[in-house]
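One structure below.
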Amino acid sequence: MTENTKPQSGVATDADQRKINWDDSNMRSTYANVSNVASTREEVMFLFGTSQVWSSAQGDVRVQLSDRIIMSPFAAKRLKKILDHTLGEYERVYGKLD
């Protein structure tokens with residue numbers, strides 16, 4: 001099954017014509033300006049948080065972690081493909097990111 005990165009009206013379809021219903025009733029939005037990834041053989045863990053460091057002259061950096069997402073390596077690989085595609089489209093429209 002393929003993922004659709006642009007759900008419209010809460011419903012997306014894949015190549016097999018299966019409907020994917022995006023239920024956002026329990027979704028929350030969180031801002032993150034820092035992320036990190038760790039993995040084991042069985043899982044990939046994504047850490048998201050915010051840093052309040054505004055100057056490189058500041059000493060130690062404290063990052064307030066807000067979310068941890070744990071996926072299988074297979075799901076993480078699908079996420080990578082979606083991110084590659086999405087960022088490729090972004091760069092095509094808005095210019096290269098460095």
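Order determines the names: the first chain of the structure tokens is A, the second B, and so forth; residues in each chain are numbered 1 upward, and ligands are numbered 1 upward as they are shown.
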Strand (DSSP E or B) positions in chain A, given as a PyMOL selection string: chain A and resi 8+11-13+19-21+34-39+44-51+63-71
Which of chain A DSSP labels alpha helix (DSSP H), written as number ranges by chain: A: 73-94
Write out as a compact mmCIF listing (two decimals) with N, CA, C and O atoms, in the first residue's frame which residues come within 7 Å of stretch 71-80 of chain A when counting only C-alpha atoms, dropping same-chain ones fewer than 5 positions away.
# COMPACT_ATOMS: atom_id res chain seq x y z
N GLU A 42 15.18 -3.58 16.36
CA GLU A 42 13.73 -3.73 16.24
C GLU A 42 12.96 -2.43 16.07
O GLU A 42 11.79 -2.45 15.70
N GLU A 43 13.57 -1.27 16.37
CA GLU A 43 12.81 -0.03 16.33
C GLU A 43 13.68 1.17 16.04
O GLU A 43 14.90 1.15 16.24
N VAL A 44 13.02 2.20 15.52
CA VAL A 44 13.66 3.50 15.30
C VAL A 44 12.88 4.50 16.14
O VAL A 44 11.65 4.55 16.08
N MET A 45 13.59 5.28 16.96
CA MET A 45 12.96 6.23 17.86
C MET A 45 13.31 7.65 17.43
O MET A 45 14.48 7.98 17.26
Residue contacts of A:Thr30 (8 Å, only C-alpha atoms) excluding same-chain residues fewer than 2 positions away, as a VMD selection string: chain A and resid 28 32 66
Selection near A:Phe48, 7 Å with only C-alpha atoms, sequence-local residues under 2 positions removed, as a ChimeraX atom specification: /A:32,34-36,46,65-68
Please dump the current selection as a CSV table (one decimal), in the first residue's frame; keep all heavy atoms.
chain,number,residue,atom,x,y,z
A,32,ALA,N,8.4,21.7,17.0
A,32,ALA,CA,9.7,21.2,17.3
A,32,ALA,C,10.8,21.9,16.5
A,32,ALA,O,10.6,22.1,15.3
A,32,ALA,CB,9.8,19.7,17.1
A,34,VAL,N,14.1,21.0,17.2
A,34,VAL,CA,15.2,20.1,17.4
A,34,VAL,C,14.6,18.7,17.3
A,34,VAL,O,13.5,18.4,17.7
A,34,VAL,CB,15.8,20.3,18.9
A,34,VAL,CG1,16.9,19.3,19.1
A,34,VAL,CG2,16.3,21.7,19.1
A,35,SER,N,15.4,17.8,16.7
A,35,SER,CA,15.1,16.4,16.6
A,35,SER,C,16.3,15.6,16.6
A,35,SER,O,17.4,16.0,16.4
A,35,SER,CB,14.3,16.2,15.3
A,35,SER,OG,15.1,16.4,14.2
A,36,ASN,N,16.1,14.3,17.0
A,36,ASN,CA,17.2,13.4,17.1
A,36,ASN,C,16.6,12.0,16.8
A,36,ASN,O,15.4,11.8,17.0
A,36,ASN,CB,17.8,13.4,18.5
A,36,ASN,CG,19.2,12.8,18.5
A,36,ASN,OD1,19.7,12.3,17.4
A,36,ASN,ND2,19.9,12.8,19.6
A,46,PHE,N,12.3,8.5,17.2
A,46,PHE,CA,12.4,9.9,16.9
A,46,PHE,C,12.1,10.7,18.1
A,46,PHE,O,11.0,10.5,18.7
A,46,PHE,CB,11.5,10.2,15.7
A,46,PHE,CG,11.7,9.4,14.5
A,46,PHE,CD1,11.0,8.2,14.3
A,46,PHE,CD2,12.5,9.9,13.5
A,46,PHE,CE1,11.2,7.5,13.2
A,46,PHE,CE2,12.7,9.1,12.3
A,46,PHE,CZ,12.0,7.9,12.2
A,65,LEU,N,12.3,18.1,25.6
A,65,LEU,CA,11.7,17.1,24.7
A,65,LEU,C,10.2,17.1,24.9
A,65,LEU,O,9.7,17.2,26.1
A,65,LEU,CB,12.3,15.7,25.0
A,65,LEU,CG,13.7,15.5,24.7
A,65,LEU,CD1,14.2,14.2,25.1
A,65,LEU,CD2,13.9,15.7,23.2
A,66,SER,N,9.4,17.0,23.8
A,66,SER,CA,8.0,17.0,23.9
A,66,SER,C,7.4,15.7,23.4
A,66,SER,O,6.3,15.3,23.9
A,66,SER,CB,7.4,18.2,23.1
A,66,SER,OG,7.8,18.1,21.8
A,67,ASP,N,8.0,15.1,22.4
A,67,ASP,CA,7.4,13.9,21.8
A,67,ASP,C,8.5,12.9,21.5
A,67,ASP,O,9.6,13.2,21.1
A,67,ASP,CB,6.6,14.3,20.5
A,67,ASP,CG,5.5,15.2,20.8
A,67,ASP,OD1,4.4,14.6,21.3
A,67,ASP,OD2,5.6,16.4,20.6
A,68,ARG,N,8.1,11.6,21.6
A,68,ARG,CA,8.9,10.5,21.2
A,68,ARG,C,8.0,9.6,20.3
A,68,ARG,O,6.9,9.1,20.7
A,68,ARG,CB,9.4,9.7,22.4
A,68,ARG,CG,10.2,8.4,22.0
A,68,ARG,CD,10.8,7.7,23.1
A,68,ARG,NE,9.8,7.5,24.2
A,68,ARG,CZ,10.2,7.6,25.5
A,68,ARG,NH1,11.4,7.8,25.9
A,68,ARG,NH2,9.3,7.4,26.4
